[in-house]
Amino acid sequence: MLINDDGWLMNTSEPPLTADILRERMVATYRDTPIDVLLWSIGGGQIHLYETSVGEKFGDGWDPSVFNDSQLRQYQNIRSMISAGEGPLAALTRIAHEEGIRFFPSVRINNHYDVDYDAPSFSRMRREHPEWRIGYGQELTPNSIEWGIRDGLNFAVPQVREYIISLVCELFEDFNTDGVEMDFQRHPGMFNIDSGFSSRHLITDMVTRIRQRMNYENTQHQREIKLAVRVPETIADCERLGIDITKWIDDGLIDILIVGGGFIPFDMRIEDFVEAAQGTGIRVYGCIESLRPASGLKTIAGIASRIWDSGADGLYLFNYFGRSIDWKQRVLKRISSPDSLIGVDKRFEIDHADRVIGSGNITGSFRHGLPPLQLPSTLHPGADGPTLDIRVTDETSCSRKVTLRLRLERFLSNDSIDMRINGTGVRTDSASLTATSWSEPIQSVITSDGDTAPHEVDARFNWNRWPWYYEDIADPATVLEVPVDETCISHGVNTVQLSLSRVTDSTDPVILRDVCLLYTSPSPRDATLSRM
């Protein structure tokens, strides 16, 4: 199991940050857990959080008086550790090894955050070389995908690729790291959207040169440094964005392949990556992302089951660094293998595009990396509805209670839905219709009196703090719940057919937002995992 840390301590810990704090609040939180590798984000947007000689450290060339509180903490913490004789990257590498965990710095290959051009977090490279940015000289429609990635670096520019090569190689040539992650998924988009496929040879050349230098380092110094890459959810989308992943596999350019950003964990095509890597020695991991949608424990268990069932070698967790020690010890052990998930309550979903809607750069970039999805869909009165695929990987030997849940919009009181699973009709006489039961866990904080309160009260640290707590919040929605006979569901892909019947003259369609199958048992193996 791999887990990523996004560098949150650099801007949330009161200066001076020390190695002891890094150990206590980050690395040591994985004691007695199945985590094998800790990955640490070195920064983003070509502004870095460590003692680099290649890149720009946060605050270089800036008067600290212009920083806000978070930026000032980050600026002071980076420099206080370097001045003390051991920078953040060297300290984390040493601490991880002392704690028995392998350590990989993580390089976000491109960043598409919304950042003002004159802000300290907008890199000098992008400011001084606007012609190196993807959208340079183009008239773009606001909030389009092209608009969202316009300020990212354009990897058609040789200087951009040379910079990434130098940065990645510094991380294993100058530091005692166990490997490096090249994260192409945070955020997707290296070229103009219509030229990624035709430019994929440029990225392959870049990765090849990094691999050659890594091989040399391994040979000369008897090391076993690994190269990990994180890529979009399908091979087709990798190629569309300029990532020739099958060639990287065939040529042995990588050691670890991490699939997905966690946005569509149920519908990602991880099986295709597993098949492509079969017999090569390359290890394949599936991504689970805390914020979209895997906050609830049943959903986490369902995604983990789906990944293990694909034949993947392990799990990669993103944005879980802030969970409590108790959570890490309890939940990570439970999802760490197919056997440990037997009897655990699970939620299997059909993924939907609504997880990445809205305006802004980051939304556009994430949309850029996703394939077309099944949801949302529409149900028209009197017409055949959609046939949807939902993958189920729960163990068939256990007696389970199965519930089909549909989240609907514009559903009228006299409407009814005919349902069929794998061609078998589903009885709806026991169905229930509610208006407030589609609940989603949201991040909370513990107040001084021990109660939970919505996360927004902790605005000083935004969402970057430790530990995190969650509580279930009912999101108003029309939810149809139907008990399902488990025997009509098979292991693997199942078809769900829906059609809408209406007694009124209204021709407005019903919008189908969410579909899930909830697997529960009267005596779950771990009662703590049955909550949420």
# chains A, B, ... in the order shown; residues from 1 in each chain; ligands from 1
>>> select_by_dssp(residues="region 77-296 of chain A", states="helix (DSSP H, G or I)", output="ChimeraX atom specification")
/A:77-83,88-98,124-128,130-132,145-148,158-173,197-221,235-241,245-250,270-277
>>> residues_around(residues="region 363-378 of chain A", least_positions_apart="6", cutoff="9 Å", atoms="only C-alpha atoms", output="number ranges by chain")
A: 111-113, 143-149, 185-189, 193, 232-234, 236-238, 240-241, 261, 263-264, 267, 350-354, 356-357, 385-386, 388-389, 509-515
>>> write_last_selection(atoms="N, CA and C atoms", output="short mmCIF file (atom, residue, chain, number, x, y, z; two decimals), in the first residue's frame")
data_model
loop_
_atom_site.label_atom_id
_atom_site.label_comp_id
_atom_site.auth_asym_id
_atom_site.auth_seq_id
_atom_site.Cartn_x
_atom_site.Cartn_y
_atom_site.Cartn_z
N ASN A 111 0.75 21.62 -13.21
CA ASN A 111 -0.25 22.14 -12.28
C ASN A 111 -1.13 23.14 -12.99
N HIS A 112 -2.44 23.06 -12.71
CA HIS A 112 -3.40 23.96 -13.33
C HIS A 112 -4.28 24.63 -12.28
N TYR A 113 -3.71 24.92 -11.12
CA TYR A 113 -4.47 25.65 -10.12
C TYR A 113 -4.75 27.08 -10.59
N ASN A 143 -13.64 29.08 -18.86
CA ASN A 143 -14.14 27.87 -18.21
C ASN A 143 -14.26 26.67 -19.14
N SER A 144 -13.70 26.76 -20.34
CA SER A 144 -13.57 25.58 -21.19
C SER A 144 -12.36 24.77 -20.72
N ILE A 145 -12.22 23.56 -21.24
CA ILE A 145 -11.05 22.75 -20.90
C ILE A 145 -9.78 23.47 -21.34
N GLU A 146 -9.80 24.05 -22.54
CA GLU A 146 -8.62 24.77 -23.02
C GLU A 146 -8.26 25.91 -22.06
N TRP A 147 -9.27 26.59 -21.58
CA TRP A 147 -9.06 27.67 -20.62
C TRP A 147 -8.45 27.14 -19.33
N GLY A 148 -8.95 25.99 -18.87
CA GLY A 148 -8.49 25.43 -17.61
C GLY A 148 -7.02 25.08 -17.58
N ILE A 149 -6.46 24.68 -18.73
CA ILE A 149 -5.06 24.26 -18.75
C ILE A 149 -4.14 25.32 -19.37
N GLN A 185 -1.14 12.85 -13.29
CA GLN A 185 -2.57 13.00 -13.05
C GLN A 185 -2.88 14.23 -12.22
N ARG A 186 -1.85 14.89 -11.69
CA ARG A 186 -2.07 16.05 -10.83
C ARG A 186 -1.31 17.25 -11.40
N HIS A 187 -1.72 17.87 -12.46
CA HIS A 187 -3.04 17.78 -13.07
C HIS A 187 -2.90 17.39 -14.53
N PRO A 188 -3.94 16.74 -15.11
CA PRO A 188 -3.83 16.28 -16.50
C PRO A 188 -3.69 17.46 -17.47
N GLY A 189 -2.88 17.25 -18.49
CA GLY A 189 -2.74 18.26 -19.55
C GLY A 189 -1.33 18.77 -19.69
N ILE A 193 -5.05 20.65 -26.34
CA ILE A 193 -5.87 19.46 -26.21
C ILE A 193 -5.95 18.63 -27.49
N PRO A 232 -3.89 8.80 -16.03
CA PRO A 232 -5.36 8.78 -16.06
C PRO A 232 -5.95 7.37 -16.08
N GLU A 233 -7.30 7.30 -15.99
CA GLU A 233 -8.00 6.06 -15.68
C GLU A 233 -8.11 5.06 -16.81
N THR A 234 -7.84 5.43 -18.04
CA THR A 234 -7.92 4.50 -19.16
C THR A 234 -6.68 4.66 -20.03
N ALA A 236 -6.70 4.66 -23.24
CA ALA A 236 -7.04 5.59 -24.32
C ALA A 236 -6.86 7.04 -23.89
N ASP A 237 -7.25 7.36 -22.65
CA ASP A 237 -7.08 8.73 -22.18
C ASP A 237 -5.62 9.06 -21.93
N CYS A 238 -4.83 8.08 -21.50
CA CYS A 238 -3.39 8.30 -21.39
C CYS A 238 -2.82 8.72 -22.74
N ARG A 240 -4.36 9.87 -25.37
CA ARG A 240 -4.93 11.14 -25.83
C ARG A 240 -4.20 12.32 -25.22
N LEU A 241 -3.73 12.19 -23.98
CA LEU A 241 -3.05 13.28 -23.30
C LEU A 241 -1.55 13.31 -23.58
N GLY A 261 -6.98 9.16 -10.87
CA GLY A 261 -6.99 10.24 -9.90
C GLY A 261 -7.99 10.01 -8.80
N PHE A 263 -11.25 9.86 -9.26
CA PHE A 263 -12.54 10.48 -9.58
C PHE A 263 -13.57 9.45 -10.04
N ILE A 264 -13.11 8.43 -10.76
CA ILE A 264 -14.03 7.40 -11.26
C ILE A 264 -13.48 6.02 -10.88
N ASP A 267 -15.41 2.91 -12.38
CA ASP A 267 -15.45 2.75 -13.84
C ASP A 267 -14.09 2.87 -14.50
N ILE A 350 -21.97 3.56 -9.71
CA ILE A 350 -21.67 3.95 -11.08
C ILE A 350 -21.15 5.38 -11.00
N ASP A 351 -19.97 5.60 -11.53
CA ASP A 351 -19.36 6.92 -11.42
C ASP A 351 -20.08 7.93 -12.30
N HIS A 352 -19.97 9.21 -11.93
CA HIS A 352 -20.67 10.25 -12.69
C HIS A 352 -19.79 11.48 -12.87
N ALA A 353 -20.07 12.19 -13.93
CA ALA A 353 -19.26 13.34 -14.32
C ALA A 353 -19.44 14.53 -13.40
N ASP A 354 -20.48 14.53 -12.58
CA ASP A 354 -20.75 15.69 -11.73
C ASP A 354 -19.70 15.91 -10.67
N VAL A 356 -16.69 16.55 -11.16
CA VAL A 356 -15.72 17.54 -11.65
C VAL A 356 -16.42 18.55 -12.54
N ILE A 357 -17.45 19.21 -12.00
CA ILE A 357 -18.11 20.27 -12.74
C ILE A 357 -17.82 21.61 -12.08
N GLY A 385 -35.53 3.21 -21.07
CA GLY A 385 -34.49 3.97 -20.39
C GLY A 385 -33.11 3.42 -20.67
N PRO A 386 -32.12 3.94 -19.99
CA PRO A 386 -30.74 3.52 -20.23
C PRO A 386 -30.47 2.12 -19.68
N LEU A 388 -27.36 0.45 -17.93
CA LEU A 388 -26.12 0.88 -17.28
C LEU A 388 -25.35 -0.33 -16.76
N ASP A 389 -24.03 -0.18 -16.73
CA ASP A 389 -23.16 -1.23 -16.20
C ASP A 389 -22.70 -0.84 -14.81
N PRO A 509 -38.27 14.89 -18.51
CA PRO A 509 -37.55 13.67 -18.12
C PRO A 509 -37.12 13.74 -16.65
N VAL A 510 -36.89 12.57 -16.09
CA VAL A 510 -36.29 12.45 -14.77
C VAL A 510 -34.78 12.34 -14.96
N ILE A 511 -34.04 13.09 -14.15
CA ILE A 511 -32.58 13.04 -14.21
C ILE A 511 -32.08 12.00 -13.20
N LEU A 512 -31.33 11.05 -13.69
CA LEU A 512 -30.72 10.02 -12.84
C LEU A 512 -29.30 10.46 -12.51
N ARG A 513 -29.07 10.84 -11.24
CA ARG A 513 -27.77 11.38 -10.84
C ARG A 513 -26.82 10.31 -10.33
N ASP A 514 -27.33 9.40 -9.51
CA ASP A 514 -26.47 8.42 -8.86
C ASP A 514 -27.14 7.06 -8.84
N VAL A 515 -26.31 6.02 -8.92
CA VAL A 515 -26.76 4.65 -8.77
C VAL A 515 -25.74 3.93 -7.91
#
>>> closest_residue(among="A:Asn319, A:Asn218, A:Gly135, A:His129", to="Ser295 (chain A)", atoms="only C-alpha atoms")
A:Asn319
>>> atom_distance(atom1="CA of Gly252 (chain A)", atom2="CA of Leu227 (chain A)")
10.3 Å
>>> closest_residue(among="A:Ile42, A:Cys488, A:Ile258, A:Ile362", to="Leu317 (chain A)", atoms="only C-alpha atoms")
A:Ile258
>>> select_by_dssp(residues="region 318-522 of chain A", states="strand (DSSP E)", output="ChimeraX atom specification")
/A:318,346-350,377-379,387-392,401-409,416-421,424-425,432-434,438-446,452-454,469-475,478-484,492-501,510-520
>>> write_last_selection(atoms="C-alpha atoms", output="PDB file, in the first residue's frame")
ATOM      1  CA  PHE A 318      -4.467  10.150  -2.090  1.00  0.00           C
ATOM      2  CA  LYS A 346     -19.446  -2.238   0.830  1.00  0.00           C
ATOM      3  CA  ARG A 347     -20.942   0.304  -1.524  1.00  0.00           C
ATOM      4  CA  PHE A 348     -20.561  -0.124  -5.289  1.00  0.00           C
ATOM      5  CA  GLU A 349     -21.384   2.854  -7.500  1.00  0.00           C
ATOM      6  CA  ILE A 350     -21.674   3.952 -11.080  1.00  0.00           C
ATOM      7  CA  SER A 377     -28.583  10.062 -17.501  1.00  0.00           C
ATOM      8  CA  THR A 378     -32.231  10.760 -18.301  1.00  0.00           C
ATOM      9  CA  LEU A 379     -35.423   8.737 -18.034  1.00  0.00           C
ATOM     10  CA  THR A 387     -28.945   0.222 -19.721  1.00  0.00           C
ATOM     11  CA  LEU A 388     -26.125   0.878 -17.278  1.00  0.00           C
ATOM     12  CA  ASP A 389     -23.163  -1.231 -16.197  1.00  0.00           C
ATOM     13  CA  ILE A 390     -22.237  -1.579 -12.531  1.00  0.00           C
ATOM     14  CA  ARG A 391     -19.349  -3.722 -11.336  1.00  0.00           C
ATOM     15  CA  VAL A 392     -19.751  -5.751  -8.138  1.00  0.00           C
ATOM     16  CA  LYS A 401     -28.534  -7.690   2.244  1.00  0.00           C
ATOM     17  CA  VAL A 402     -28.420  -5.820  -1.061  1.00  0.00           C
ATOM     18  CA  THR A 403     -30.126  -2.493  -1.696  1.00  0.00           C
ATOM     19  CA  LEU A 404     -30.286  -0.632  -5.011  1.00  0.00           C
ATOM     20  CA  ARG A 405     -30.304   3.120  -4.465  1.00  0.00           C
ATOM     21  CA  LEU A 406     -31.160   5.692  -7.145  1.00  0.00           C
ATOM     22  CA  ARG A 407     -30.748   9.431  -6.727  1.00  0.00           C
ATOM     23  CA  LEU A 408     -33.296  11.244  -8.901  1.00  0.00           C
ATOM     24  CA  GLU A 409     -34.258  14.765  -9.898  1.00  0.00           C
ATOM     25  CA  SER A 416     -42.754   4.658 -11.060  1.00  0.00           C
ATOM     26  CA  ILE A 417     -39.629   3.007 -12.417  1.00  0.00           C
ATOM     27  CA  ASP A 418     -39.396  -0.470 -13.896  1.00  0.00           C
ATOM     28  CA  MET A 419     -36.044  -2.061 -13.004  1.00  0.00           C
ATOM     29  CA  ARG A 420     -34.216  -5.077 -14.359  1.00  0.00           C
ATOM     30  CA  ILE A 421     -30.827  -6.401 -13.253  1.00  0.00           C
ATOM     31  CA  THR A 424     -34.338 -10.150 -14.223  1.00  0.00           C
ATOM     32  CA  GLY A 425     -37.143  -7.906 -13.021  1.00  0.00           C
ATOM     33  CA  SER A 432     -39.033   3.370  -0.300  1.00  0.00           C
ATOM     34  CA  LEU A 433     -38.940   6.949  -1.552  1.00  0.00           C
ATOM     35  CA  THR A 434     -37.348   9.628   0.615  1.00  0.00           C
ATOM     36  CA  TRP A 438     -28.655  10.597   0.149  1.00  0.00           C
ATOM     37  CA  SER A 439     -26.013  11.334   2.731  1.00  0.00           C
ATOM     38  CA  GLU A 440     -22.409  12.291   2.109  1.00  0.00           C
ATOM     39  CA  PRO A 441     -19.641  12.454   4.714  1.00  0.00           C
ATOM     40  CA  ILE A 442     -18.086  15.902   5.010  1.00  0.00           C
ATOM     41  CA  GLN A 443     -14.984  16.944   6.860  1.00  0.00           C
ATOM     42  CA  SER A 444     -15.520  18.170  10.402  1.00  0.00           C
ATOM     43  CA  VAL A 445     -13.442  19.406  13.306  1.00  0.00           C
ATOM     44  CA  ILE A 446     -13.589  18.563  16.977  1.00  0.00           C
ATOM     45  CA  THR A 452     -18.075  17.959  15.889  1.00  0.00           C
ATOM     46  CA  ALA A 453     -18.593  21.078  13.812  1.00  0.00           C
ATOM     47  CA  PRO A 454     -18.409  21.660  10.058  1.00  0.00           C
ATOM     48  CA  TYR A 469     -12.892  13.874  11.275  1.00  0.00           C
ATOM     49  CA  TYR A 470     -16.011  13.231   9.233  1.00  0.00           C
ATOM     50  CA  GLU A 471     -19.701  13.323   9.911  1.00  0.00           C
ATOM     51  CA  ASP A 472     -22.625  12.226   7.779  1.00  0.00           C
ATOM     52  CA  ILE A 473     -24.652  15.079   6.287  1.00  0.00           C
ATOM     53  CA  ALA A 474     -27.985  14.402   4.561  1.00  0.00           C
ATOM     54  CA  ASP A 475     -28.026  16.039   1.144  1.00  0.00           C
ATOM     55  CA  THR A 478     -35.185  12.220  -4.052  1.00  0.00           C
ATOM     56  CA  VAL A 479     -33.835   8.747  -3.319  1.00  0.00           C
ATOM     57  CA  LEU A 480     -35.474   5.499  -4.363  1.00  0.00           C
ATOM     58  CA  GLU A 481     -34.323   2.443  -2.408  1.00  0.00           C
ATOM     59  CA  VAL A 482     -35.218  -1.073  -3.527  1.00  0.00           C
ATOM     60  CA  PRO A 483     -34.256  -4.391  -1.879  1.00  0.00           C
ATOM     61  CA  VAL A 484     -32.608  -6.704  -4.408  1.00  0.00           C
ATOM     62  CA  GLY A 492     -18.209  -8.610 -12.167  1.00  0.00           C
ATOM     63  CA  VAL A 493     -20.161  -6.354 -14.517  1.00  0.00           C
ATOM     64  CA  ASN A 494     -23.953  -6.319 -14.114  1.00  0.00           C
ATOM     65  CA  THR A 495     -26.505  -4.520 -16.302  1.00  0.00           C
ATOM     66  CA  VAL A 496     -29.175  -2.309 -14.762  1.00  0.00           C
ATOM     67  CA  GLN A 497     -32.090  -1.403 -17.061  1.00  0.00           C
ATOM     68  CA  LEU A 498     -34.481   1.372 -16.034  1.00  0.00           C
ATOM     69  CA  SER A 499     -37.645   2.790 -17.600  1.00  0.00           C
ATOM     70  CA  LEU A 500     -39.997   5.507 -16.340  1.00  0.00           C
ATOM     71  CA  SER A 501     -43.790   5.234 -16.141  1.00  0.00           C
ATOM     72  CA  VAL A 510     -36.287  12.446 -14.775  1.00  0.00           C
ATOM     73  CA  ILE A 511     -32.578  13.038 -14.214  1.00  0.00           C
ATOM     74  CA  LEU A 512     -30.725  10.023 -12.836  1.00  0.00           C
ATOM     75  CA  ARG A 513     -27.774  11.376 -10.836  1.00  0.00           C
ATOM     76  CA  ASP A 514     -26.465   8.419  -8.860  1.00  0.00           C
ATOM     77  CA  VAL A 515     -26.761   4.648  -8.771  1.00  0.00           C
ATOM     78  CA  CYS A 516     -25.298   2.387  -6.116  1.00  0.00           C
ATOM     79  CA  LEU A 517     -25.628  -1.124  -4.761  1.00  0.00           C
ATOM     80  CA  LEU A 518     -25.219  -1.247  -0.999  1.00  0.00           C
ATOM     81  CA  TYR A 519     -24.032  -4.550   0.477  1.00  0.00           C
ATOM     82  CA  THR A 520     -24.616  -4.957   4.207  1.00  0.00           C
TER      83      THR A 520
END
>>> closest_atom_pairs(of="region 92-177 of chain A", to="region 7-20 of chain A", cutoff="12 Å", atoms="only C-alpha atoms", output="Markdown table")
| residue | atom | partner | partner_atom | distance |
| --- | --- | --- | --- | --- |
| A:Leu92 | CA | A:Ala19 | CA | 7.5 |
| A:Thr93 | CA | A:Ala19 | CA | 10.5 |
| A:Arg94 | CA | A:Ala19 | CA | 9.5 |
| A:Ile95 | CA | A:Ala19 | CA | 7.8 |
| A:Ala96 | CA | A:Ala19 | CA | 11.0 |
| A:Pro105 | CA | A:Gly7 | CA | 10.4 |
| A:Ser106 | CA | A:Gly7 | CA | 10.1 |
| A:Val107 | CA | A:Gly7 | CA | 11.7 |
>>> residues_around(residues="Asp313 (chain A)", least_positions_apart="4", cutoff="8 Å", atoms="only C-alpha atoms", output="short mmCIF file (atom, residue, chain, number, x, y, z; two decimals) with N, CA, C and O atoms, in the first residue's frame")
data_model
loop_
_atom_site.label_atom_id
_atom_site.label_comp_id
_atom_site.auth_asym_id
_atom_site.auth_seq_id
_atom_site.Cartn_x
_atom_site.Cartn_y
_atom_site.Cartn_z
N ARG A 283 4.62 -3.25 -11.19
CA ARG A 283 3.53 -3.38 -10.23
C ARG A 283 2.47 -2.31 -10.51
O ARG A 283 2.80 -1.14 -10.73
N VAL A 284 1.20 -2.73 -10.47
CA VAL A 284 0.09 -1.84 -10.79
C VAL A 284 -0.72 -1.58 -9.53
O VAL A 284 -1.07 -2.52 -8.79
N TYR A 285 -1.03 -0.29 -9.27
CA TYR A 285 -1.79 0.12 -8.10
C TYR A 285 -2.99 0.94 -8.55
O TYR A 285 -2.91 1.70 -9.52
N TRP A 308 -8.65 -4.68 -5.90
CA TRP A 308 -8.04 -6.00 -5.68
C TRP A 308 -8.57 -7.01 -6.69
O TRP A 308 -7.82 -7.86 -7.19
#
>>> closest_atom_pairs(of="region 219-240 of chain A", to="region 172-184 of chain A", cutoff="8 Å", atoms="only C-alpha atoms", output="CSV")
residue,atom,partner,partner_atom,distance
A:Glu224,CA,A:Asp178,CA,7.0
A:Ile225,CA,A:Gly179,CA,4.6
A:Lys226,CA,A:Gly179,CA,4.3
A:Leu227,CA,A:Val180,CA,5.4
A:Ala228,CA,A:Glu181,CA,4.5
A:Val229,CA,A:Met182,CA,4.7
A:Arg230,CA,A:Asp183,CA,4.8
A:Val231,CA,A:Phe184,CA,5.4
A:Pro232,CA,A:Phe184,CA,7.7
>>> write_last_selection(atoms="N, CA, C and O atoms", output="PDB file, in the first residue's frame")
ATOM      1  N   GLU A 224      18.544   0.479  -5.590  1.00  0.00           N
ATOM      2  CA  GLU A 224      17.358  -0.087  -6.229  1.00  0.00           C
ATOM      3  C   GLU A 224      16.261   0.980  -6.295  1.00  0.00           C
ATOM      4  O   GLU A 224      15.142   0.802  -5.808  1.00  0.00           O
ATOM      5  N   ILE A 225      16.573   2.104  -6.906  1.00  0.00           N
ATOM      6  CA  ILE A 225      15.610   3.201  -7.031  1.00  0.00           C
ATOM      7  C   ILE A 225      14.520   2.793  -8.018  1.00  0.00           C
ATOM      8  O   ILE A 225      14.800   2.215  -9.072  1.00  0.00           O
ATOM      9  N   LYS A 226      13.282   3.115  -7.678  1.00  0.00           N
ATOM     10  CA  LYS A 226      12.144   2.772  -8.516  1.00  0.00           C
ATOM     11  C   LYS A 226      11.530   4.029  -9.125  1.00  0.00           C
ATOM     12  O   LYS A 226      11.474   5.081  -8.482  1.00  0.00           O
ATOM     13  N   LEU A 227      11.045   3.890 -10.349  1.00  0.00           N
ATOM     14  CA  LEU A 227      10.339   4.982 -11.002  1.00  0.00           C
ATOM     15  C   LEU A 227       8.851   4.648 -11.038  1.00  0.00           C
ATOM     16  O   LEU A 227       8.439   3.639 -11.627  1.00  0.00           O
ATOM     17  N   ALA A 228       8.058   5.483 -10.375  1.00  0.00           N
ATOM     18  CA  ALA A 228       6.604   5.335 -10.357  1.00  0.00           C
ATOM     19  C   ALA A 228       5.975   6.436 -11.199  1.00  0.00           C
ATOM     20  O   ALA A 228       6.469   7.563 -11.223  1.00  0.00           O
ATOM     21  N   VAL A 229       4.879   6.102 -11.875  1.00  0.00           N
ATOM     22  CA  VAL A 229       4.112   7.108 -12.614  1.00  0.00           C
ATOM     23  C   VAL A 229       2.645   6.958 -12.234  1.00  0.00           C
ATOM     24  O   VAL A 229       2.155   5.845 -12.013  1.00  0.00           O
ATOM     25  N   ARG A 230       1.954   8.090 -12.143  1.00  0.00           N
ATOM     26  CA  ARG A 230       0.494   8.067 -11.959  1.00  0.00           C
ATOM     27  C   ARG A 230      -0.145   8.665 -13.198  1.00  0.00           C
ATOM     28  O   ARG A 230       0.234   9.758 -13.638  1.00  0.00           O
ATOM     29  N   VAL A 231      -1.120   7.954 -13.747  1.00  0.00           N
ATOM     30  CA  VAL A 231      -1.675   8.297 -15.054  1.00  0.00           C
ATOM     31  C   VAL A 231      -3.202   8.257 -14.999  1.00  0.00           C
ATOM     32  O   VAL A 231      -3.795   7.730 -14.049  1.00  0.00           O
ATOM     33  N   PRO A 232      -3.890   8.798 -16.027  1.00  0.00           N
ATOM     34  CA  PRO A 232      -5.360   8.775 -16.062  1.00  0.00           C
ATOM     35  C   PRO A 232      -5.947   7.366 -16.077  1.00  0.00           C
ATOM     36  O   PRO A 232      -5.238   6.367 -16.206  1.00  0.00           O
TER      37      PRO A 232
END
>>> closest_residue(among="A:Gly343, A:Gly196, A:Pro338, A:Pro381", to="Glu239 (chain A)", atoms="only C-alpha atoms")
A:Gly196
>>> residues_around(residues="Ala312 (chain A)", least_positions_apart="2", cutoff="10 Å", atoms="only C-alpha atoms", output="VMD selection string")
chain A and resid 257 to 259 270 to 271 273 to 275 277 283 to 286 306 to 310 314 to 315
>>> write_last_selection(atoms="N, CA, C and O atoms", output="tab-separated table (two decimals), in the first residue's frame")
chain	number	residue	atom	x	y	z
A	257	LEU	N	3.17	1.47	-11.61
A	257	LEU	CA	2.15	2.15	-12.41
A	257	LEU	C	0.93	2.37	-11.52
A	257	LEU	O	0.30	1.41	-11.08
A	258	ILE	N	0.61	3.64	-11.27
A	258	ILE	CA	-0.53	4.01	-10.44
A	258	ILE	C	-1.63	4.53	-11.36
A	258	ILE	O	-1.41	5.46	-12.13
A	259	VAL	N	-2.80	3.92	-11.26
A	259	VAL	CA	-3.89	4.21	-12.20
A	259	VAL	C	-4.92	5.11	-11.54
A	259	VAL	O	-5.48	4.78	-10.50
A	270	ILE	N	-8.84	-0.30	-14.89
A	270	ILE	CA	-7.57	-0.77	-14.32
A	270	ILE	C	-7.20	-2.15	-14.84
A	270	ILE	O	-6.01	-2.49	-14.95
A	271	GLU	N	-8.21	-2.97	-15.22
A	271	GLU	CA	-7.91	-4.31	-15.75
A	271	GLU	C	-7.04	-4.23	-16.99
A	271	GLU	O	-6.19	-5.10	-17.21
A	273	PHE	N	-4.73	-2.04	-17.68
A	273	PHE	CA	-3.35	-1.78	-17.28
A	273	PHE	C	-2.71	-3.04	-16.68
A	273	PHE	O	-1.54	-3.32	-16.93
A	274	VAL	N	-3.49	-3.77	-15.88
A	274	VAL	CA	-2.98	-5.00	-15.30
A	274	VAL	C	-2.60	-5.99	-16.39
A	274	VAL	O	-1.53	-6.62	-16.36
A	275	GLU	N	-3.47	-6.11	-17.39
A	275	GLU	CA	-3.19	-7.01	-18.51
A	275	GLU	C	-1.96	-6.56	-19.28
A	275	GLU	O	-1.11	-7.39	-19.66
A	277	ALA	N	0.59	-5.00	-18.19
A	277	ALA	CA	1.81	-5.17	-17.40
A	277	ALA	C	2.09	-6.62	-17.03
A	277	ALA	O	3.11	-6.91	-16.39
A	283	ARG	N	4.62	-3.25	-11.19
A	283	ARG	CA	3.53	-3.38	-10.23
A	283	ARG	C	2.47	-2.31	-10.51
A	283	ARG	O	2.80	-1.14	-10.73
A	284	VAL	N	1.20	-2.73	-10.47
A	284	VAL	CA	0.09	-1.84	-10.79
A	284	VAL	C	-0.72	-1.58	-9.53
A	284	VAL	O	-1.07	-2.52	-8.79
A	285	TYR	N	-1.03	-0.29	-9.27
A	285	TYR	CA	-1.79	0.12	-8.10
A	285	TYR	C	-2.99	0.94	-8.55
A	285	TYR	O	-2.91	1.70	-9.52
A	286	GLY	N	-4.11	0.81	-7.84
A	286	GLY	CA	-5.29	1.60	-8.12
A	286	GLY	C	-5.45	2.71	-7.10
A	286	GLY	O	-5.24	2.50	-5.90
A	306	ARG	N	-12.91	-3.55	-5.48
A	306	ARG	CA	-12.89	-3.47	-6.93
A	306	ARG	C	-11.46	-3.48	-7.47
A	306	ARG	O	-11.15	-4.13	-8.47
A	307	ILE	N	-10.54	-2.78	-6.80
A	307	ILE	CA	-9.15	-2.73	-7.24
A	307	ILE	C	-8.48	-4.09	-7.07
A	307	ILE	O	-7.80	-4.59	-7.98
A	308	TRP	N	-8.65	-4.68	-5.90
A	308	TRP	CA	-8.04	-6.00	-5.68
A	308	TRP	C	-8.57	-7.01	-6.69
A	308	TRP	O	-7.82	-7.86	-7.19
A	309	ASP	N	-9.84	-6.95	-6.99
A	309	ASP	CA	-10.45	-7.91	-7.91
A	309	ASP	C	-9.89	-7.78	-9.32
A	309	ASP	O	-9.94	-8.73	-10.10
A	310	SER	N	-9.36	-6.62	-9.66
A	310	SER	CA	-8.81	-6.40	-11.00
A	310	SER	C	-7.50	-7.13	-11.23
A	310	SER	O	-7.02	-7.22	-12.36
A	314	GLY	N	-1.75	-3.57	-5.60
A	314	GLY	CA	-1.96	-2.85	-4.36
A	314	GLY	C	-2.80	-1.60	-4.53
A	314	GLY	O	-3.32	-1.30	-5.61
A	315	LEU	N	-2.90	-0.85	-3.43
A	315	LEU	CA	-3.71	0.36	-3.36
A	315	LEU	C	-2.81	1.57	-3.17
A	315	LEU	O	-1.78	1.51	-2.50
>>> closest_residue(among="A:Asp345, A:Asp151, A:Glu395, A:Asp250", to="Pro130 (chain A)", atoms="only C-alpha atoms")
A:Asp151
>>> atom_distance(atom1="CA of Leu153 (chain A)", atom2="CA of Arg124 (chain A)")
12.1 Å
